[in-house]
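Structure file model-v7.tsv; described as TSV, C-alpha atoms.
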chain	number	residue	atom	x	y	z
K	1	MET	CA	-50.51	40.52	50.40
K	2	LEU	CA	-47.57	38.14	50.33
K	3	ASN	CA	-44.34	39.70	51.51
K	4	VAL	CA	-41.57	37.25	50.61
K	5	ASP	CA	-38.20	38.54	49.52
K	6	SER	CA	-37.43	35.34	47.60
K	7	ALA	CA	-34.57	36.92	45.66
K	8	ALA	CA	-32.63	38.19	48.65
K	9	VAL	CA	-29.68	35.79	48.51
K	10	TYR	CA	-29.18	32.96	46.01
K	11	THR	CA	-28.22	30.51	48.77
K	12	ASP	CA	-31.42	31.12	50.80
K	13	PHE	CA	-33.83	28.26	50.07
K	14	ASN	CA	-36.01	28.84	53.16
K	15	ASN	CA	-38.27	31.17	51.19
K	16	LEU	CA	-39.37	28.23	49.07
K	17	ALA	CA	-41.08	26.84	52.18
K	18	LYS	CA	-42.83	30.19	52.62
K	19	LEU	CA	-44.05	30.03	49.03
K	20	LYS	CA	-45.44	26.55	49.67
K	21	GLN	CA	-47.25	27.79	52.75
K	22	SER	CA	-48.69	30.70	50.77
K	23	ALA	CA	-49.92	28.28	48.13
K	24	ARG	CA	-51.64	26.17	50.79
K	25	GLU	CA	-53.29	29.32	52.10
K	26	GLN	CA	-54.49	30.00	48.52
K	27	SER	CA	-52.64	33.31	48.29
K	28	PRO	CA	-52.73	34.58	44.67
K	29	ALA	CA	-49.63	36.68	45.31
K	30	ALA	CA	-47.61	33.43	45.47
K	31	VAL	CA	-47.98	33.25	41.68
K	32	LYS	CA	-45.83	36.35	41.26
K	33	GLU	CA	-43.14	35.00	43.55
K	34	VAL	CA	-43.04	31.65	41.72
K	35	ALA	CA	-42.77	33.52	38.42
K	36	LYS	CA	-39.84	35.53	39.78
K	37	GLN	CA	-38.07	32.35	40.89
K	38	PHE	CA	-38.47	30.77	37.45
K	39	GLU	CA	-37.23	33.97	35.79
K	40	SER	CA	-34.18	33.86	38.06
K	41	LEU	CA	-33.41	30.29	36.91
K	42	PHE	CA	-33.80	31.39	33.28
K	43	LEU	CA	-31.43	34.35	33.76
K	44	SER	CA	-28.93	32.11	35.54
K	45	MET	CA	-28.88	29.65	32.62
K	46	MET	CA	-28.57	32.54	30.15
K	47	MET	CA	-25.58	34.04	31.98
K	48	LYS	CA	-23.95	30.61	32.28
K	49	SER	CA	-24.31	30.07	28.51
K	50	MET	CA	-22.84	33.51	27.83
K	51	ARG	CA	-19.83	32.71	30.02
K	52	GLU	CA	-19.26	29.38	28.27
K	53	ALA	CA	-19.44	31.01	24.83
K	54	LYS	CA	-16.14	32.87	25.28
K	55	LEU	CA	-13.26	31.86	23.02
K	56	ALA	CA	-10.72	31.07	25.75
K	57	ASP	CA	-9.89	31.49	29.42
K	58	GLY	CA	-8.29	34.74	30.50
K	59	ILE	CA	-4.73	34.81	31.82
K	60	LEU	CA	-6.04	35.50	35.34
K	61	ASP	CA	-8.76	32.83	35.28
K	62	SER	CA	-8.53	30.00	37.78
K	63	GLN	CA	-10.77	27.54	39.60
K	64	GLN	CA	-11.10	30.04	42.45
K	65	SER	CA	-11.97	32.98	40.20
K	66	GLN	CA	-14.56	30.86	38.37
K	67	PHE	CA	-16.10	29.85	41.70
K	68	TYR	CA	-16.59	33.46	42.84
K	69	ARG	CA	-17.68	34.58	39.37
K	70	ASP	CA	-20.44	31.96	39.39
K	71	MET	CA	-21.47	33.15	42.85
K	72	TYR	CA	-21.76	36.69	41.48
K	73	ASP	CA	-23.78	35.54	38.45
K	74	GLN	CA	-26.23	33.61	40.63
K	75	GLN	CA	-26.76	36.60	42.91
K	76	MET	CA	-27.18	38.92	39.90
K	77	ALA	CA	-29.82	36.61	38.41
K	78	MET	CA	-31.76	36.68	41.69
K	79	HIS	CA	-31.48	40.47	41.83
K	80	LEU	CA	-32.71	41.01	38.26
K	81	ALA	CA	-35.63	38.57	38.51
K	82	GLY	CA	-38.98	40.36	38.52
K	83	LYS	CA	-37.48	43.72	37.56
K	84	PRO	CA	-39.03	45.77	34.72
K	85	GLY	CA	-37.36	45.21	31.39
K	86	ILE	CA	-36.96	41.43	31.51
K	87	GLY	CA	-40.64	40.56	31.30
K	88	PHE	CA	-40.25	36.82	31.59
K	89	ALA	CA	-41.81	36.72	35.07
K	90	ASP	CA	-44.89	38.55	33.77
K	91	LEU	CA	-45.20	35.99	30.99
K	92	ILE	CA	-45.00	33.10	33.45
K	93	ALA	CA	-47.49	34.74	35.80
K	94	LYS	CA	-49.91	35.17	32.91
K	95	GLN	CA	-49.62	31.47	32.14
K	96	LEU	CA	-50.38	30.61	35.77
K	97	SER	CA	-54.03	31.07	34.93
K	98	PRO	CA	-56.63	28.53	33.85
K	99	LYS	CA	-58.09	31.15	31.51
K	100	ALA	CA	-54.73	31.63	29.86
K	101	ALA	CA	-54.42	27.88	29.41
K	102	GLU	CA	-57.81	27.80	27.66
K	103	GLU	CA	-56.74	30.61	25.34
K	104	ASP	CA	-53.54	28.73	24.50
K	105	GLU	CA	-55.55	25.64	23.55
K	106	LYS	CA	-57.56	27.76	21.11
K	107	ASP	CA	-54.46	29.44	19.70
K	108	PRO	CA	-52.92	27.43	16.80
K	109	LYS	CA	-49.48	28.81	17.70
K	110	LEU	CA	-47.21	27.11	20.20
K	111	ALA	CA	-48.64	27.79	23.66
K	112	THR	CA	-46.41	29.79	25.96
K	113	ASN	CA	-46.86	27.35	28.80
K	114	GLU	CA	-45.70	24.59	26.46
K	115	VAL	CA	-42.50	26.56	25.85
K	116	LEU	CA	-42.04	26.79	29.61
K	117	ASN	CA	-42.65	23.06	29.94
K	118	ARG	CA	-39.95	22.23	27.43
K	119	ALA	CA	-37.52	24.62	29.14
K	120	ALA	CA	-38.26	22.85	32.42
K	121	GLY	CA	-37.81	19.41	30.86
K	122	THR	CA	-41.47	18.30	30.79
K	123	GLY	CA	-43.99	17.97	28.01
K	124	SER	CA	-43.28	17.96	24.25
K	125	ALA	CA	-44.11	20.07	21.24
K	126	SER	CA	-46.02	17.29	19.53
K	127	GLN	CA	-47.89	15.98	22.58
K	128	PRO	CA	-48.44	18.75	25.13
K	129	ASP	CA	-49.02	17.46	28.64
K	130	ARG	CA	-51.61	19.75	30.21
K	131	HIS	CA	-51.22	17.97	33.54
K	132	GLN	CA	-47.53	18.95	33.91
K	133	THR	CA	-47.62	22.54	32.72
K	134	ILE	CA	-46.28	25.44	34.70
K	135	ALA	CA	-49.79	26.83	34.56
K	136	GLY	CA	-51.54	27.14	37.83
K	137	ALA	CA	-53.43	29.80	39.69
K	138	GLY	CA	-53.61	33.33	38.39
K	139	ALA	CA	-56.49	35.22	39.84
K	140	SER	CA	-56.16	38.88	40.64
K	141	ASP	CA	-54.41	39.76	43.88
K	142	GLY	CA	-57.71	40.06	45.72
K	143	GLU	CA	-59.32	36.79	44.59
K	144	PRO	CA	-58.70	33.37	46.18
K	145	LEU	CA	-57.26	30.59	44.04
K	146	GLU	CA	-59.61	27.95	42.74
K	147	ASN	CA	-58.76	24.29	43.32
K	148	SER	CA	-57.49	23.56	39.79
K	149	GLY	CA	-55.24	26.59	39.87
K	150	LEU	CA	-53.96	25.69	43.33
K	151	ASP	CA	-53.03	22.17	42.19
K	152	SER	CA	-51.08	23.53	39.23
K	153	LEU	CA	-49.32	26.08	41.41
K	154	GLU	CA	-48.24	23.34	43.81
K	155	ARG	CA	-46.87	21.34	40.86
K	156	SER	CA	-44.92	24.42	39.78
K	157	LEU	CA	-43.53	24.79	43.28
K	158	ALA	CA	-42.45	21.13	43.24
K	159	MET	CA	-40.67	21.73	39.94
K	160	LEU	CA	-39.03	24.83	41.37
K	161	GLU	CA	-37.91	22.88	44.43
K	162	ARG	CA	-36.21	20.29	42.23
K	163	SER	CA	-34.41	23.04	40.33
K	164	GLN	CA	-33.24	24.74	43.50
K	165	ASN	CA	-32.10	21.45	45.01
K	166	ALA	CA	-30.08	20.80	41.86
K	167	MET	CA	-28.53	24.26	42.19
K	168	ALA	CA	-27.73	23.60	45.86
K	169	ASP	CA	-26.03	20.31	44.90
K	170	ARG	CA	-24.05	22.13	42.22
K	171	TRP	CA	-22.81	24.72	44.69
K	172	GLN	CA	-21.89	22.06	47.21
K	173	HIS	CA	-19.91	20.29	44.50
K	174	LEU	CA	-18.11	23.53	43.57
K	175	GLU	CA	-17.30	24.25	47.21
K	176	ASP	CA	-15.99	20.69	47.70
K	177	ASP	CA	-13.79	21.00	44.61
K	178	LEU	CA	-12.45	24.36	45.78
K	179	GLN	CA	-11.65	23.00	49.24
K	180	ALA	CA	-10.02	19.93	47.71
K	181	ALA	CA	-7.91	22.10	45.40
K	182	THR	CA	-6.87	24.33	48.29
K	183	SER	CA	-5.86	21.44	50.53
K	184	ALA	CA	-4.31	19.53	47.64
K	185	GLY	CA	-2.10	22.50	46.89
K	186	THR	CA	-0.08	21.52	49.96
K	187	GLU	CA	0.59	18.02	48.56
K	188	THR	CA	4.16	18.45	47.37
K	189	LEU	CA	6.13	15.61	45.79
K	190	SER	CA	9.64	17.04	45.97
K	191	SER	CA	11.45	13.72	46.40
K	192	LYS	CA	11.06	10.01	45.79
K	193	GLU	CA	10.49	9.43	49.51
K	194	GLU	CA	7.81	12.12	49.64
K	195	PHE	CA	6.19	10.70	46.51
K	196	ILE	CA	5.84	7.29	48.14
K	197	SER	CA	4.73	8.52	51.56
K	198	GLN	CA	2.14	10.96	50.17
K	199	LEU	CA	0.64	8.58	47.62
K	200	ARG	CA	0.86	5.20	49.34
K	201	PRO	CA	-2.50	5.57	51.21
K	202	HIS	CA	-4.28	6.30	47.92
K	203	ALA	CA	-2.40	3.49	46.17
K	204	LEU	CA	-3.42	1.02	48.88
K	205	GLU	CA	-7.09	1.96	48.49
K	206	ALA	CA	-7.01	1.75	44.69
K	207	ALA	CA	-5.02	-1.50	44.71
K	208	GLN	CA	-7.53	-3.14	47.02
K	209	THR	CA	-10.34	-2.31	44.58
K	210	LEU	CA	-8.45	-3.55	41.52
K	211	GLY	CA	-6.74	-6.49	43.21
K	212	VAL	CA	-3.23	-5.39	42.24
K	213	ASP	CA	-0.05	-4.72	44.22
K	214	PRO	CA	-0.06	-1.08	45.44
K	215	ASN	CA	3.66	-0.86	44.65
K	216	LEU	CA	2.82	-1.52	41.00
K	217	LEU	CA	0.48	1.49	40.94
K	218	LEU	CA	3.16	3.63	42.56
K	219	ALA	CA	5.68	2.41	39.97
K	220	GLN	CA	3.29	3.22	37.13
K	221	ALA	CA	2.63	6.71	38.53
K	222	ALA	CA	6.39	7.20	39.04
K	223	LEU	CA	7.08	6.39	35.38
K	224	GLU	CA	4.27	8.63	34.12
K	225	THR	CA	5.28	11.65	36.23
K	226	GLY	CA	9.02	11.24	36.88
K	227	TRP	CA	8.38	10.54	40.56
K	228	GLY	CA	6.03	13.52	40.73
K	229	GLN	CA	8.45	16.03	39.19
K	230	ALA	CA	6.69	16.19	35.82
K	231	VAL	CA	2.98	16.17	36.67
K	232	ILE	CA	1.12	17.92	33.85
K	233	LYS	CA	0.03	21.51	34.52
K	234	ASN	CA	-2.69	23.51	32.79
K	235	GLY	CA	-2.28	26.80	30.97
K	236	HIS	CA	-2.39	28.72	34.26
K	237	GLY	CA	0.41	26.65	35.77
K	238	GLU	CA	-2.01	24.80	38.07
K	239	ASN	CA	-1.39	21.17	38.95
K	240	SER	CA	-3.60	18.70	37.06
K	241	PHE	CA	-2.89	15.99	39.69
K	242	ASN	CA	-2.97	13.48	36.81
K	243	LEU	CA	-0.62	10.73	38.01
K	244	PHE	CA	-1.39	8.23	35.25
K	245	ASN	CA	-1.54	10.62	32.27
K	246	ILE	CA	-5.06	9.55	31.33
K	247	LYS	CA	-6.20	11.56	28.33
K	248	ALA	CA	-9.42	13.57	28.21
K	249	ASP	CA	-11.45	11.58	25.68
K	250	LYS	CA	-15.02	12.32	24.60
K	251	SER	CA	-16.44	10.63	27.70
K	252	TRP	CA	-14.56	13.00	30.03
K	253	GLN	CA	-16.79	15.83	31.32
K	254	GLY	CA	-14.32	17.42	33.73
K	255	LYS	CA	-11.49	19.89	33.31
K	256	GLN	CA	-8.44	19.14	31.25
K	257	ALA	CA	-4.88	20.31	30.76
K	258	LYS	CA	-3.14	20.36	27.37
K	259	ALA	CA	0.45	19.24	27.06
K	260	LEU	CA	2.95	17.81	24.60
K	261	THR	CA	3.13	14.05	24.70
K	262	LEU	CA	5.43	11.52	23.08
K	263	GLU	CA	3.50	8.97	21.03
K	264	PHE	CA	4.98	5.87	19.41
K	265	ASP	CA	4.03	4.45	16.03
K	266	GLY	CA	5.89	1.19	15.88
K	267	SER	CA	9.52	2.03	16.56
K	268	SER	CA	9.26	5.73	15.67
K	269	ALA	CA	8.22	8.41	18.14
K	270	ARG	CA	6.55	11.77	17.55
K	271	LYS	CA	5.44	14.66	19.73
K	272	GLU	CA	1.86	15.86	19.65
K	273	MET	CA	-0.40	18.10	21.69
K	274	ALA	CA	-3.10	16.29	23.66
K	275	GLY	CA	-5.64	17.03	26.36
K	276	PHE	CA	-5.27	15.25	29.69
K	277	ARG	CA	-7.75	14.88	32.52
K	278	ALA	CA	-7.36	17.33	35.40
K	279	TYR	CA	-8.38	16.56	38.99
K	280	GLY	CA	-8.67	18.39	42.28
K	281	SER	CA	-6.33	16.08	44.20
K	282	TYR	CA	-4.08	13.04	43.86
K	283	LYS	CA	-6.78	10.91	45.47
K	284	GLN	CA	-9.16	11.86	42.66
K	285	SER	CA	-6.50	10.75	40.19
K	286	PHE	CA	-6.29	7.31	41.79
K	287	ASP	CA	-10.09	7.06	41.97
K	288	ASP	CA	-10.45	7.92	38.29
K	289	TYR	CA	-7.72	5.43	37.35
K	290	VAL	CA	-9.70	2.69	39.09
K	291	ASN	CA	-12.91	3.68	37.29
K	292	PHE	CA	-11.05	4.00	33.97
K	293	ILE	CA	-9.63	0.49	34.21
K	294	LYS	CA	-12.75	-1.19	35.61
K	295	ASN	CA	-15.27	0.43	33.24
K	296	ASN	CA	-13.25	0.03	30.04
K	297	PRO	CA	-13.93	-3.37	28.42
K	298	ARG	CA	-10.56	-3.46	26.67
K	299	TYR	CA	-8.81	-3.80	30.02
K	300	SER	CA	-10.88	-6.79	31.15
K	301	GLU	CA	-8.00	-9.19	30.43
K	302	ALA	CA	-5.66	-7.07	32.53
K	303	LEU	CA	-8.05	-7.25	35.46
K	304	LYS	CA	-8.10	-11.03	35.18
K	305	LYS	CA	-4.30	-11.00	35.68
K	306	ALA	CA	-4.41	-8.41	38.49
K	307	GLY	CA	-2.82	-10.86	40.94
K	308	ASN	CA	0.38	-10.93	38.87
K	309	ALA	CA	2.02	-7.50	38.56
K	310	GLY	CA	3.97	-8.32	35.38
K	311	GLN	CA	1.04	-9.89	33.54
K	312	TYR	CA	-1.30	-7.08	34.58
K	313	ILE	CA	0.88	-4.26	33.26
K	314	ARG	CA	1.67	-6.14	30.03
K	315	GLU	CA	-2.02	-6.74	29.41
K	316	LEU	CA	-2.59	-3.01	29.93
K	317	GLN	CA	0.05	-2.22	27.33
K	318	GLN	CA	-1.35	-4.78	24.88
K	319	ALA	CA	-4.81	-3.25	25.28
K	320	GLY	CA	-3.44	0.14	24.24
K	321	TYR	CA	-2.96	1.94	27.56
K	322	ALA	CA	0.38	3.26	26.31
K	323	THR	CA	2.02	3.40	22.86
K	324	ASP	CA	5.60	3.03	24.13
K	325	PRO	CA	6.61	-0.54	23.19
K	326	ARG	CA	8.80	-0.73	26.34
K	327	TYR	CA	6.16	0.70	28.68
K	328	ALA	CA	5.56	-2.50	30.67
K	329	ASP	CA	9.29	-3.20	30.98
K	330	LYS	CA	9.94	0.32	32.31
K	331	VAL	CA	7.15	0.04	34.90
K	332	MET	CA	8.37	-3.36	36.03
K	333	SER	CA	11.94	-2.09	36.34
K	334	ILE	CA	10.81	0.63	38.76
K	335	TYR	CA	8.58	-1.89	40.53
K	336	HIS	CA	11.40	-4.41	41.12
K	337	ASN	CA	13.89	-1.72	42.16
K	338	GLN	CA	11.43	-0.29	44.67
K	339	ASN	CA	10.63	-3.72	46.10
K	340	ALA	CA	14.35	-4.41	46.44
K	341	ALA	CA	14.90	-1.06	48.17
K	342	GLU	CA	12.08	-1.76	50.63
K	343	ALA	CA	13.43	-5.24	51.34
K	344	ALA	CA	16.90	-3.81	51.98
K	345	ALA	CA	15.43	-1.20	54.32
K	346	LEU	CA	13.65	-3.92	56.27
K	347	ARG	CA	16.86	-5.94	56.59
K	348	ASP	CA	18.77	-2.89	57.83
K	349	ALA	CA	16.01	-2.11	60.31
K	350	GLY	CA	16.05	-5.69	61.58
Output the file's structure as structure tokens, nothing else.
Amino acid sequence: MLNVDSAAVYTDFNNLAKLKQSAREQSPAAVKEVAKQFESLFLSMMMKSMREAKLADGILDSQQSQFYRDMYDQQMAMHLAGKPGIGFADLIAKQLSPKAAEEDEKDPKLATNEVLNRAAGTGSASQPDRHQTIAGAGASDGEPLENSGLDSLERSLAMLERSQNAMADRWQHLEDDLQAATSAGTETLSSKEEFISQLRPHALEAAQTLGVDPNLLLAQAALETGWGQAVIKNGHGENSFNLFNIKADKSWQGKQAKALTLEFDGSSARKEMAGFRAYGSYKQSFDDYVNFIKNNPRYSEALKKAGNAGQYIRELQQAGYATDPRYADKVMSIYHNQNAAEAAALRDAG
């Protein structure tokens, strides 16, 4: 009998290798373990959907609390998998049988293994793909697996490996974001000097990619955030790190922070609530600014004038980056004043 505690800890992917070895040894008990793993993935998706269906975030919710809540949900899904009462693992195990597949072909109703295929992203309702089903081996615990069943089981294990690798990548991404948010929390911009010293390395990197003067990017960020004193915060009071006040449009898949913004319609101005992109650090804000400008066709003319600070920022304004009719003039005023201050500092130092 196979003795693999595959649901011990959600971060333990070593047991997948044990399942593969059991499949190569034609152990029928591997079917039950594979079924439990698939049930765990199903429960995890179900709990994630339930969490996302809530009306709004709680007053104590934060990026950190969400991280640990997701950890708890993943572990709970692993714990519940294979337990009596769910029944999904039994259904999958039943379908890991060539005989069950034959019965499904005779049944005019939608085959269960076809439902599993569609949940896993393979096959279709109109054209079932019998070669990519989650069906495999399903003999009784005492009988060896036949070759056709073994092949299908190995395909199921490959599918399971892809799912677990995707989950591992997701957790790594969450951990990276949490670490970035923790370290970024120490990035304070309490003065103009601190604003420049903290952000200049990121501005230099972004400017090199775009071909613009890094001081222009610092001037633009200074105007948008009041030299870092008015960076938008979310409903929990957490820093959005949005230095360029880029809004969260339909293409944005990340977090966002809502805030009042002043929009101009000709010469008249009005306040309105809008969603803005939220990042884990100021570096991410600069990186997204670069991607936003480079990947948006309407800013192509601005990129052509990147070598001239004044022409670049005016082309941005003309393309609709900002509605303030004096936006480019304000940025250039900060830009020239900062350049003059740096030149004066150099003269004094010399």
Self-check item: Closest of K:Glu301, K:Asp249, K:Asp324, K:Glu238 to Gly280 (chain K) - atom-to-atom distances counting all atoms listed in the file
Solution: K:Glu238
Exercise. Between K:Val290, K:Leu91, K:Ala230, K:Leu260, single out the one closest to Ala203 (chain K), counting all atoms listed in the file.
Key: K:Val290
Quiz prompt | Test item: residues at most 6 Å from Phe244 (chain K), all atoms listed in the file, excluding those fewer than 2 positions along its chain, as number ranges by chain | solution = K: 221, 224, 242, 246
Output for the residues just chosen: C-alpha atoms as a short mmCIF file (atom, residue, chain, number, x, y, z; two decimals), in the coordinates of the input:
data_model
loop_
_atom_site.label_atom_id
_atom_site.label_comp_id
_atom_site.auth_asym_id
_atom_site.auth_seq_id
_atom_site.Cartn_x
_atom_site.Cartn_y
_atom_site.Cartn_z
CA ALA K 221 2.63 6.71 38.53
CA GLU K 224 4.27 8.63 34.12
CA ASN K 242 -2.97 13.48 36.81
CA ILE K 246 -5.06 9.55 31.33
#
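With all atoms listed in the file as the basis for measurement, K:Asn215 is the residue among K:Asn215, K:Leu80, K:Val231, K:Gly226 that approaches Asn339 (chain K) most closely.
Using only C-alpha atoms, the smallest distance between any of K:Lys283, K:Arg69, K:Lys247, K:Lys36 and Arg51 (chain K) comes from K:Arg69.
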Quiz item: What separation in Å, quoted to one decimal, exists between CA of Gln172 (chain K) and CA of Ser40 (chain K)?
Solution: 19.3 Å
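Closest approach to Asn337 (chain K) from the set K:Asn245, K:Gln37, K:Ala219, K:Met50 is made by K:Ala219, with distances taken over all atoms listed in the file.
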Quiz item: With only C-alpha atoms as the atoms that count, which of K:Ile293, K:Ala309, K:Met45, K:Leu204 lies nearest to Asp73 (chain K)?
Solution: K:Met45
Practice problem: Quote the spacing between CA of Ser191 (chain K) and CA of Tyr335 (chain K) in Å to one decimal place. | Solution: 16.9 Å
Quiz item: In Å, with one decimal, what is the gap from CA of Leu316 (chain K) to CA of Ser333 (chain K)?
Solution: 15.9 Å
Please determine the residues with any atom at most 12 Å from (-30.7, 33.1, 30.2) (coordinates as given in the file, with only C-alpha atoms counting) and report them as an mmCIF file with C-alpha atoms, in the coordinates of the input.
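Okay, result.cif is ready:
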data_model
loop_
_atom_site.group_PDB
_atom_site.id
_atom_site.type_symbol
_atom_site.label_atom_id
_atom_site.label_comp_id
_atom_site.auth_asym_id
_atom_site.auth_seq_id
_atom_site.Cartn_x
_atom_site.Cartn_y
_atom_site.Cartn_z
ATOM 1 C CA PHE K 38 -38.470 30.770 37.450
ATOM 2 C CA GLU K 39 -37.230 33.970 35.790
ATOM 3 C CA SER K 40 -34.180 33.860 38.060
ATOM 4 C CA LEU K 41 -33.410 30.290 36.910
ATOM 5 C CA PHE K 42 -33.800 31.390 33.280
ATOM 6 C CA LEU K 43 -31.430 34.350 33.760
ATOM 7 C CA SER K 44 -28.930 32.110 35.540
ATOM 8 C CA MET K 45 -28.880 29.650 32.620
ATOM 9 C CA MET K 46 -28.570 32.540 30.150
ATOM 10 C CA MET K 47 -25.580 34.040 31.980
ATOM 11 C CA LYS K 48 -23.950 30.610 32.280
ATOM 12 C CA SER K 49 -24.310 30.070 28.510
ATOM 13 C CA MET K 50 -22.840 33.510 27.830
ATOM 14 C CA ARG K 51 -19.830 32.710 30.020
ATOM 15 C CA ASP K 73 -23.780 35.540 38.450
ATOM 16 C CA GLN K 74 -26.230 33.610 40.630
ATOM 17 C CA MET K 76 -27.180 38.920 39.900
ATOM 18 C CA ALA K 77 -29.820 36.610 38.410
ATOM 19 C CA LEU K 80 -32.710 41.010 38.260
ATOM 20 C CA ALA K 81 -35.630 38.570 38.510
ATOM 21 C CA ILE K 86 -36.960 41.430 31.510
ATOM 22 C CA PHE K 88 -40.250 36.820 31.590
ATOM 23 C CA ALA K 119 -37.520 24.620 29.140
#
Practice problem: Pick out the residues sitting within 12 Å of His336 (chain K), and hand them over as a count of residues only; count all atoms listed in the file, and ignore anything fewer than 2 positions along from it in its own chain. | Solution: 20
